[in-house]
Structures are given as structure tokens and as C-alpha cells.
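All remarks here apply to the structure that follows.
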Amino acid sequence: MAGSTNHGDMDPELAALLGTAGSGSGPLPDFADIFGEKNKEDFADISSASGGEVDLTASGFPPVTKRLEEKGHNFFNDPNYYKTALTNEGDIAQRVHSILQKFLTAKDPKDRSVFRMQFISPFWEFLLNVARKSTGRLPPPKKYLLRFGLIHPSFINPETREFFSKVVDDNVLDQPVLYMDEWLSAVGTAKMRPSTTDEVRVVRGNAQSKISALLEKAQGKFDGSRSILKAKDRERREIEKIIQDRMNSIYEHIPLHGFTDISDCLTEGQKMAINEIMNLLKQLLKNDHELGLSIRDFSSAENDVQNLQEKLEAEGGALTVDIGAIDTEFDTIRQMAKMTVGRQGNHFPLLLAEYFHSVPNEVGLRENIITMLAKIESIDKEAFCRIYKNRLNRIAPFVLMIPTYGDMGFCWEPFDRYNRATSRGRIVVPMYPRNLYLAVLTAVADLRWQVAKEKASFYWMEEGLTGHYYQWFQANKLKGDIKEYFIRDYILWMTKEAEGIQKLDKDVRGTFWRHMPFTQDVKERLKTRSFVYQELYQRDQNRAMSDGY
């Protein structure tokens with residue numbers, strides 16, 4: 001068999017890949033040796049997928065204080081790592097092993113290219129078997145295969161192995177930024193709705209299917225009303241706390257000069273506090289009115305969900321679909337993986353030293369992604385905001401990190417179709433791009449465009465961000481995909497214009513300044529750079545002054 005081939009028959013470069021130091025190194029063993037006995041390794045708990053419920057009071061991402069663990073784990077030094085990764089996955093595992101062996105031992109570059117292409121499809125089929133186990137307790141090799149694309153530790157050099165061994169496993173920051181194994185587990189355990197796709201065909205034509213569809217809509221309304229209700233309650237407590245603090249400050253009086261039993265007049269600070277309290281009391285009354293409406297909406301949504309659940313149970317229980325949730329989501333993720341890479345990119349699905357060239361800060365790890373999302377939000381203050389009932393809500397999107405060598409991030413969904421109020425959008429980011437920040441920026445730009453387009457609905461070519469951009473696009477008689485133009489301009493907006501380097505058309509700059517405003521700190525800095533930004537800043541001041549008229 002191919003597994004009997006030794007390093008002497010291999011290309012020296014490939015031999016170096018498989019012959020690096022460490023007990024996890026060495027050639028691929030014979031397939032019969034791998035499955036000679038059932039694997040008895042202890043299984044590790046899967047990291048829980050977090051960040052599902054939206055906190056409308058959050059003002060930003062938490063600071064990343066720890067990017068890597070001080071000491072790495074030893075799973076990549078396990079001599080049975082490859083064996084465990086392939087164990088109990090059926091006949092497709094043998095095919096994957098066979099083609100992989102041919103790919104690694106091929107001396108002719110043309111043969112190697114053929115085996116490389118032949119490997120991709122069977123590997124994804126094999127990976128689906130692994131994905132189906134993601135809702136349970138995955139052994140570390142299978143988890144890291146899903147998470148990093150690492151099937152054999154010796155496929156990466158010792159320094160890279162050490163780096164990946166120190167990656168923080170758990171979602172300690174509790175953000176909706178998930179690795180592939182966490183994402184599949186969340187979908188499989190119904191903690192997260194499956195991604196929208198045309199591949200799932202629900203059994204229709206009966207009362208059960210109609211009730212289930214209504215229930216899904218009602219559940220979306222319930223989720224949204226619950227998030228808004230919690231936000232209103234927190235807002236009330238914050239207002240009350242400020243009122244209490246201001247009142248306490250008013251009660252503190254200084255004795256009048258020459259008297260011990262008479263207090264002096266209110267200070268200027270106390271007078272200002274009284275005026276502030278009057279405004280806060282108005283806010284409290286407004287909040288109370290909105291809270292009452294939110295309670296009514298929540299109660300109505302809760303009753304709708306309860307009634308539909310009872311009707312569904314009377315019809316025979318949950319609706320069946322012809323494809324399992326994980327199978328469908330996995331097929332969707334495979335499409336996502338292709339999109340991150342593009343037609344001309346490297347679609348090889350394994351982490352391999354010859355393809356991996358990212359420095360630590362450029363690898364799409366959770367902590368790196370959160371850092372970059374925070375950086376984007378520090379420039380584009382409304383990057384993750386949506387308006388609902390005249391309230392601007394900050395809703396960080398779900399982020400799926402896929403272990404590909406792509407360079408393009410993108411938005412799969414701007415929000416849940418059944419909960420436009422508070423549901424998270426979904427963006428996808430490749431883990432091994434040439435420039436991680438640009439990959440994340442591309443995804444956020446796509447999210448920006450799709451949210452603005454959905455908000456404008458039928459009038460997306462006339463109103464708001466998309467409407468003004470479309471009119472400029474048409475006026476300049478440009479051809480091609482308008483969204484691609486927008487994404488390129490958004491990247492210039494965030495990387496050049498935010499630094500005072502004028503790269504955009506004047507009309508585009510004006511549209512972005514109005515509809516995708518920089519944070520106040522950035523605006524203050526830019527107004528001193530040139531007359532162009534000073535003029536835009538003055539327009540903001542004029543609009544603010546005329547708001548009350």
C-alpha cells in the first residue's frame with residue numbers, strides 16, 4: 001500500500017513536511033494499522049458556542065487581553081493524532097487516506113496537481129461525517145480538523161504547531177465569533193438557526209407545515225420583543241441611577257457664612273443638576289411609555305408562540321425536513337468556503353506548511369477577529385447598527401471562521417428573515433488570508449451594503465446609502481457589479497480616507513460621510529487635515545443646529 005512508502009521515495013520538501021521533530025511527526029501510517037483496533041482516546045468537551053442572545057446595551061466589543069495561552073496543549077504531539085482523526089468515519093476515510101498518500105508521495109508536479117484536485121471532493125464528504133458528531137464530544141484531532149483544517153501535525157512546522165497549540169479554545173469573551181466546530185454544534189443543538197439556503201426543502205402541503213412556518217415567524221418576533229424589553233428595562237435602571245445620584249448631590253449644602261443653622265444657596269453645579277433631573281424625568285416618562293408598549297408586544301408574541309406550539313403538538317409534533325440541520329448547514333459552509341477563495345484561489349482544504357504563510361496576528365483566530373471588528377467600529381461607529389422603531393440598536397453579527405486560504409470575507413445574511421429587529425447578521429471570514437484586516441473589512445462592507453439595501457426595500461435605488469451610491473454609479477456610467485464597487489470604496493473609506501488621504505470621488509465621500517459617519521474622534525482629527533473634511537464637518541454642525549426647526 002501507499003502507506004508503506006518511506007521518506008526516501010519522497011520529494012525532499014515533502015519529506016521535510018512529514019519528518020519534522022515531535023512525536024506527532026512521521027509518514028502517514030498504513031490504513032490497516034489505523035483501524036486495527038478501536039480508538040480508546042479520551043474525548044474532550046467541545047467548546048460551547050456563545051454570543052447567541054443579543055445585548056442591545058453593549059456599546060462595543062470587549063478588550064482582548066489574552067491572544068494565546070502561555071502554555072500550549074500536547075494534542076499535536078500525540079502519535080495517534082492522524083489515526084484518531086480518521087477513525088470511525090467509514091469507507092470515505094480510506095479513500096481520503098489513499099488520495100492524500102498519493103498526493104504527498106507524487107514526484108511529478110503534474111501528478112501531484114491531479115491528486116490535489118482529486119482529494120478535495122472526497123475530503124469534504126469525509127468532513128461531513130466528522131461534522132455530524134460536532135453536537136457531542138469530539139476527540140481533539142477531529143475538533144482541530146474541523147476548526148483549523150489540521151489532519152496531521154507534521155503537515156506544519158514545529159513553530160506553527162506550537163502556535164496553534166496555544167490558541168485559546170473556549171469563547172471566554174462570549175462573543176458571536178465562532179469556529180466551524182462551534183458553529184455546527186450550535187446549529188445541530190438548535191442554539192442557532194440554520195443559515196438561510198434554498199437547499200432545505202420543507203415538507204409542505206399539510207397543516208403541520210403551515211403551523212411550523214407560522215411558529216418560526218412568531219419565534220422570531222418573540223426573540224426580538226424580548227431583546228427590546230430587556231434593553232428598555234436596563235435603560236430605565238440607568239436613568240433612575242443617574243437621577244438618584246443627582247438628587248443626592250442636591251441635598252448637600254454648605255453652611256451660610258456666619259451661621260451654623262442656616263445653609264447657603266444652591267451652587268451652580270446643583271442648579272445644573274436640577275435642570276438635568278428635569279430632563280431625565282422626561283426621559284423616564286418616555287421610557288415608561290415605551291416599556292409598556294414593549295411589555296404588550298412581548299406578551300402578545302409569547303402567547304402566539306405558546307398557541308402555535310400547542311397546535312403543532314396536536315398535529316403530531318415537530319416538522320420534518322428532508323435534510324438534517326447539520327448536513328444542510330455543512331453544505332452551506334462548503335459553499336461559503338468556495339466563496340472566500342474565489343475561482344482562481346487555492347481550494348486545498350488542509351492546513352499545510354507550503355500554503356500557510358500567515359504571521360500570528362494575521363491568522364483568523366477569534367481574538368484577532370474581535371480585535372479587528374473593534375478597530376472597524378472605532379472608525380465606522382454605526383458599522384453594526386440597525387434602526388428599529390426609531391431606535392438605533394447595536395447588533396454585532398455572527399462571524400464564522402472557515403479554515404481556507406481565501407482572501408475575501410462576505411455577508412451571508414444581513415439579519416434573520418423572521419426577526420429583523422434584533423437578530424444577528426452572518427458574516428464569513430477565511431482563517432488564512434494574505435491580509436486578515438482586508439478580509440474582515442470586505443465582510444463588513446458587504447454587511448453594510450445588504451443591511452442598507454434591505455432597509456430601503458423597493459426604494460434601494462432611490463433612498464439612503466444605497467440610493468445615493470446607485471445614483472452616482474449611474475451618473476458616471478459605470479459597468480459591473482455595483483456592490484463590488486461599493487466594497488472597494490468602503491475599504492478606501494476605512495483605510496485611506498479615515499487617515500485623511502483623499503482617494504474617493506467627491507460625491508461618494510459626501511454620501512459615506514452622511515450615511516456611514518466616522519466616530520467623533522476621527523471627525524475631529526480629519527477636520528484639521530484639509531478643507532474637504534472641514535467642509536463636511538461644518539455640514540454636520542449645520543444639520544445639528546437645524547434639527548429642532
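Labels used: A, B, ... for chains in the order of the C-alpha cells, numbers from 1 for residues in each chain, and numbers from 1 for ligands as shown.
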
Exercise for the section: Excluding Met401 in chain A and any residue of its chain fewer than 6 positions from it, enumerate the residues within 8 Å of it, using only C-alpha atoms, and give them as a count of residues only. Expected result: 11

If we count only C-alpha atoms and set the cut-off at 9 Å, which residues sit around Lys338 in chain A, ignoring sequence neighbours fewer than 5 positions away in its own chain? Please answer as a PDB file with N, CA and C atoms, in the first residue's frame.
```pdb
ATOM      1  N   ILE A 333     -21.850  25.747   4.412  1.00  0.00           N
ATOM      2  CA  ILE A 333     -20.491  26.149   4.763  1.00  0.00           C
ATOM      3  C   ILE A 333     -19.522  25.820   3.634  1.00  0.00           C
ATOM      4  N   ARG A 343     -12.691  31.690  -7.616  1.00  0.00           N
ATOM      5  CA  ARG A 343     -12.405  30.697  -8.665  1.00  0.00           C
ATOM      6  C   ARG A 343     -10.923  30.409  -8.831  1.00  0.00           C
ATOM      7  N   GLY A 345      -8.473  30.890  -6.640  1.00  0.00           N
ATOM      8  CA  GLY A 345      -7.712  30.725  -5.412  1.00  0.00           C
ATOM      9  C   GLY A 345      -7.327  29.289  -5.115  1.00  0.00           C
ATOM     10  N   HIS A 347      -7.979  26.108  -3.260  1.00  0.00           N
ATOM     11  CA  HIS A 347      -9.104  25.444  -2.612  1.00  0.00           C
ATOM     12  C   HIS A 347      -8.686  24.224  -1.799  1.00  0.00           C
ATOM     13  N   THR A 404      -9.768  28.306   5.408  1.00  0.00           N
ATOM     14  CA  THR A 404      -9.431  28.312   3.980  1.00  0.00           C
ATOM     15  C   THR A 404      -8.312  29.311   3.727  1.00  0.00           C
ATOM     16  N   GLY A 406      -8.505  31.630   1.537  1.00  0.00           N
ATOM     17  CA  GLY A 406      -9.135  32.710   0.790  1.00  0.00           C
ATOM     18  C   GLY A 406      -8.715  34.079   1.281  1.00  0.00           C
TER      19      GLY A 406
END
```

Sorted by chain and rising residue number, list the residues of range 495-545 of chain A at most 10 Å from range 467-486 of chain A (counting only C-alpha atoms), each with its closest atom pair and distance in Å to one decimal, as CSV.
```
residue,atom,partner,partner_atom,distance
A:Asp505,CA,A:Trp472,CA,9.6
A:Asp507,CA,A:Trp472,CA,7.2
A:Val508,CA,A:Tyr469,CA,6.8
A:Gly510,CA,A:His468,CA,9.8
A:Thr511,CA,A:His468,CA,6.7
A:Phe512,CA,A:Tyr469,CA,8.8
A:His515,CA,A:His468,CA,9.5
```

Exercise for the section: Could you pull out the residues in range 376-463 of chain A that DSSP calls alpha helix (DSSP H) from the backbone, as a list of chain:residue names? Expected result: A:Ile376, A:Glu377, A:Ser378, A:Ile379, A:Leu436, A:Tyr437, A:Leu438, A:Ala439, A:Val440, A:Leu441, A:Thr442, A:Ala443, A:Val444, A:Ala445, A:Asp446, A:Leu447, A:Arg448, A:Trp449, A:Gln450, A:Val451, A:Ala452, A:Lys453, A:Glu454, A:Lys455, A:Ala456

Handout entry: Of the listed residues A:Lys241, A:Arg112, A:Arg246, A:His357, that which approaches Gly269 in chain A most closely, counting only C-alpha atoms
Key =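 Of the candidates, the smallest distance to Gly269 in chain A is held by A:Arg246.
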
Practice task
Write out as a list in words all residues of range 395-518 of chain A that backbone DSSP assigns to strand (DSSP E).
Solution key: Phe398, Val399, Leu400, Met401, Ile402, Phe410, Cys411, Trp412, Glu413, Arg426, Ile427, Val428, Val429 and Pro430 of chain A

Exercise for the section: Would you mind listing what lies within 10 Å of range 88-90 of chain A as a VMD selection string, with only C-alpha atoms counted and same-chain residues fewer than 2 positions away left out? Expected result: chain A and resid 35 38 to 39 83 to 86 92 to 95 126 to 130

Practice task
Determine, counting only C-alpha atoms, which protein, DNA and RNA residues have an atom within 8 Å of an atom of Leu441 in chain A; residues of the same chain fewer than 6 positions away are not included. Present the result as an MDAnalysis selection string.
Solution key: chainID A and resid 376 409 491

Export of prior selection with all heavy atoms as a compact mmCIF listing (two decimals), in the first residue's frame:
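To be explicit, this is the file written out as part06.txt:
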```
# COMPACT_ATOMS: atom_id res chain seq x y z
N ILE A 376 -12.62 48.39 13.46
CA ILE A 376 -13.56 48.91 12.46
C ILE A 376 -14.62 49.78 13.13
O ILE A 376 -14.95 50.87 12.65
CB ILE A 376 -14.23 47.73 11.71
CG1 ILE A 376 -13.20 47.04 10.80
CG2 ILE A 376 -15.42 48.22 10.88
CD1 ILE A 376 -13.69 45.76 10.17
N GLY A 409 -13.77 38.04 2.73
CA GLY A 409 -14.87 37.83 3.66
C GLY A 409 -16.14 38.33 3.00
O GLY A 409 -16.10 39.11 2.05
N ILE A 491 -13.52 50.02 1.56
CA ILE A 491 -12.16 49.72 2.03
C ILE A 491 -11.29 50.97 1.95
O ILE A 491 -10.52 51.27 2.87
CB ILE A 491 -11.55 48.56 1.22
CG1 ILE A 491 -12.29 47.25 1.54
CG2 ILE A 491 -10.06 48.40 1.51
CD1 ILE A 491 -11.89 46.08 0.67
```

Fill in the blank from the handout: Computed gap from CA of Ile239 in chain A to CA of Glu302 in chain A is 27.6 Å

Practice task
Could you please determine the separation between CA of Pro397 in chain A and CA of Pro176 in chain A in Å, to one decimal place?
Solution key: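 So the two atoms, CA of Pro397 in chain A and CA of Pro176 in chain A, lie 6.8 Å apart.
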
Exercise for the section: Provide the CA of Arg386 in chain A to CA of Arg543 in chain A distance in Å, to one decimal place. Expected result: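 Computing it gives 21.2 Å between the two atoms.
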
Practice task
Name all residues at most 8 Å from Met372 in chain A (count only C-alpha atoms; drop same-chain ones fewer than 3 positions away) and give them as a list in words.
Solution key: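 Within the cut-off, the hits are Asn368, Ile369, Lys375, Ile376, Tyr437 and Val440 of chain A.
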
Take the residues from that selection and put them in a file with N, CA and C atoms, as a CSV table (one decimal), in the first residue's frame.
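Wrote part_20.csv, looks like this:
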```
chain,number,residue,atom,x,y,z
A,368,ASN,N,-8.1,37.6,17.2
A,368,ASN,CA,-7.7,38.5,16.2
A,368,ASN,C,-8.9,39.2,15.5
A,369,ILE,N,-9.9,38.3,15.2
A,369,ILE,CA,-11.1,38.9,14.5
A,369,ILE,C,-11.8,39.9,15.4
A,375,LYS,N,-11.6,47.5,15.9
A,375,LYS,CA,-11.0,48.6,15.2
A,375,LYS,C,-11.9,49.2,14.2
A,376,ILE,N,-12.6,48.4,13.5
A,376,ILE,CA,-13.6,48.9,12.5
A,376,ILE,C,-14.6,49.8,13.1
A,437,TYR,N,-7.1,41.8,7.9
A,437,TYR,CA,-7.9,43.0,8.1
A,437,TYR,C,-8.7,43.3,6.9
A,440,VAL,N,-11.7,40.9,6.7
A,440,VAL,CA,-12.7,41.3,7.6
A,440,VAL,C,-13.5,42.6,7.1
```

Practice task
Measuring atom to atom with only C-alpha atoms, identify which of A:Leu150, A:Met494, A:Ile395, A:Ala337 is nearest to Leu56 in chain A.
Solution key: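 Distance minimum relative to Leu56 in chain A lands on A:Ile395.
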
Exercise for the section: Find the residues around Tyr388 in chain A up to 9 Å (only C-alpha atoms counted), leave out those fewer than 5 positions away in its own chain, and share them as a PyMOL selection string. Expected result: chain A and resi 393+420-422

Need the shell around Ser185 in chain A: protein/DNA/RNA residues with any atom at most 8 Å away, counting only C-alpha atoms. Skip same-chain ones fewer than 3 positions apart. Format as a PDB file with N, CA and C atoms, in the first residue's frame?
```pdb
ATOM      1  N   ALA A  49     -20.726  27.096  21.985  1.00  0.00           N
ATOM      2  CA  ALA A  49     -20.912  28.250  21.112  1.00  0.00           C
ATOM      3  C   ALA A  49     -21.677  29.318  21.875  1.00  0.00           C
ATOM      4  N   SER A 134     -20.385  16.786  15.723  1.00  0.00           N
ATOM      5  CA  SER A 134     -19.973  18.019  16.395  1.00  0.00           C
ATOM      6  C   SER A 134     -20.897  18.417  17.535  1.00  0.00           C
ATOM      7  N   THR A 135     -22.097  17.847  17.600  1.00  0.00           N
ATOM      8  CA  THR A 135     -23.007  18.190  18.696  1.00  0.00           C
ATOM      9  C   THR A 135     -22.647  17.431  19.970  1.00  0.00           C
ATOM     10  N   GLY A 136     -21.772  16.433  19.853  1.00  0.00           N
ATOM     11  CA  GLY A 136     -21.374  15.654  21.019  1.00  0.00           C
ATOM     12  C   GLY A 136     -19.974  15.982  21.467  1.00  0.00           C
ATOM     13  N   ASP A 181     -16.427  24.158  14.158  1.00  0.00           N
ATOM     14  CA  ASP A 181     -16.998  23.113  15.014  1.00  0.00           C
ATOM     15  C   ASP A 181     -18.035  23.694  15.967  1.00  0.00           C
ATOM     16  N   GLU A 182     -17.787  24.896  16.484  1.00  0.00           N
ATOM     17  CA  GLU A 182     -18.733  25.544  17.377  1.00  0.00           C
ATOM     18  C   GLU A 182     -20.011  25.929  16.643  1.00  0.00           C
ATOM     19  N   GLY A 188     -26.716  22.355  15.227  1.00  0.00           N
ATOM     20  CA  GLY A 188     -27.195  20.997  15.483  1.00  0.00           C
ATOM     21  C   GLY A 188     -27.972  20.862  16.771  1.00  0.00           C
ATOM     22  N   THR A 189     -27.682  21.724  17.750  1.00  0.00           N
ATOM     23  CA  THR A 189     -28.385  21.668  19.041  1.00  0.00           C
ATOM     24  C   THR A 189     -29.463  22.749  19.140  1.00  0.00           C
TER      25      THR A 189
END
```
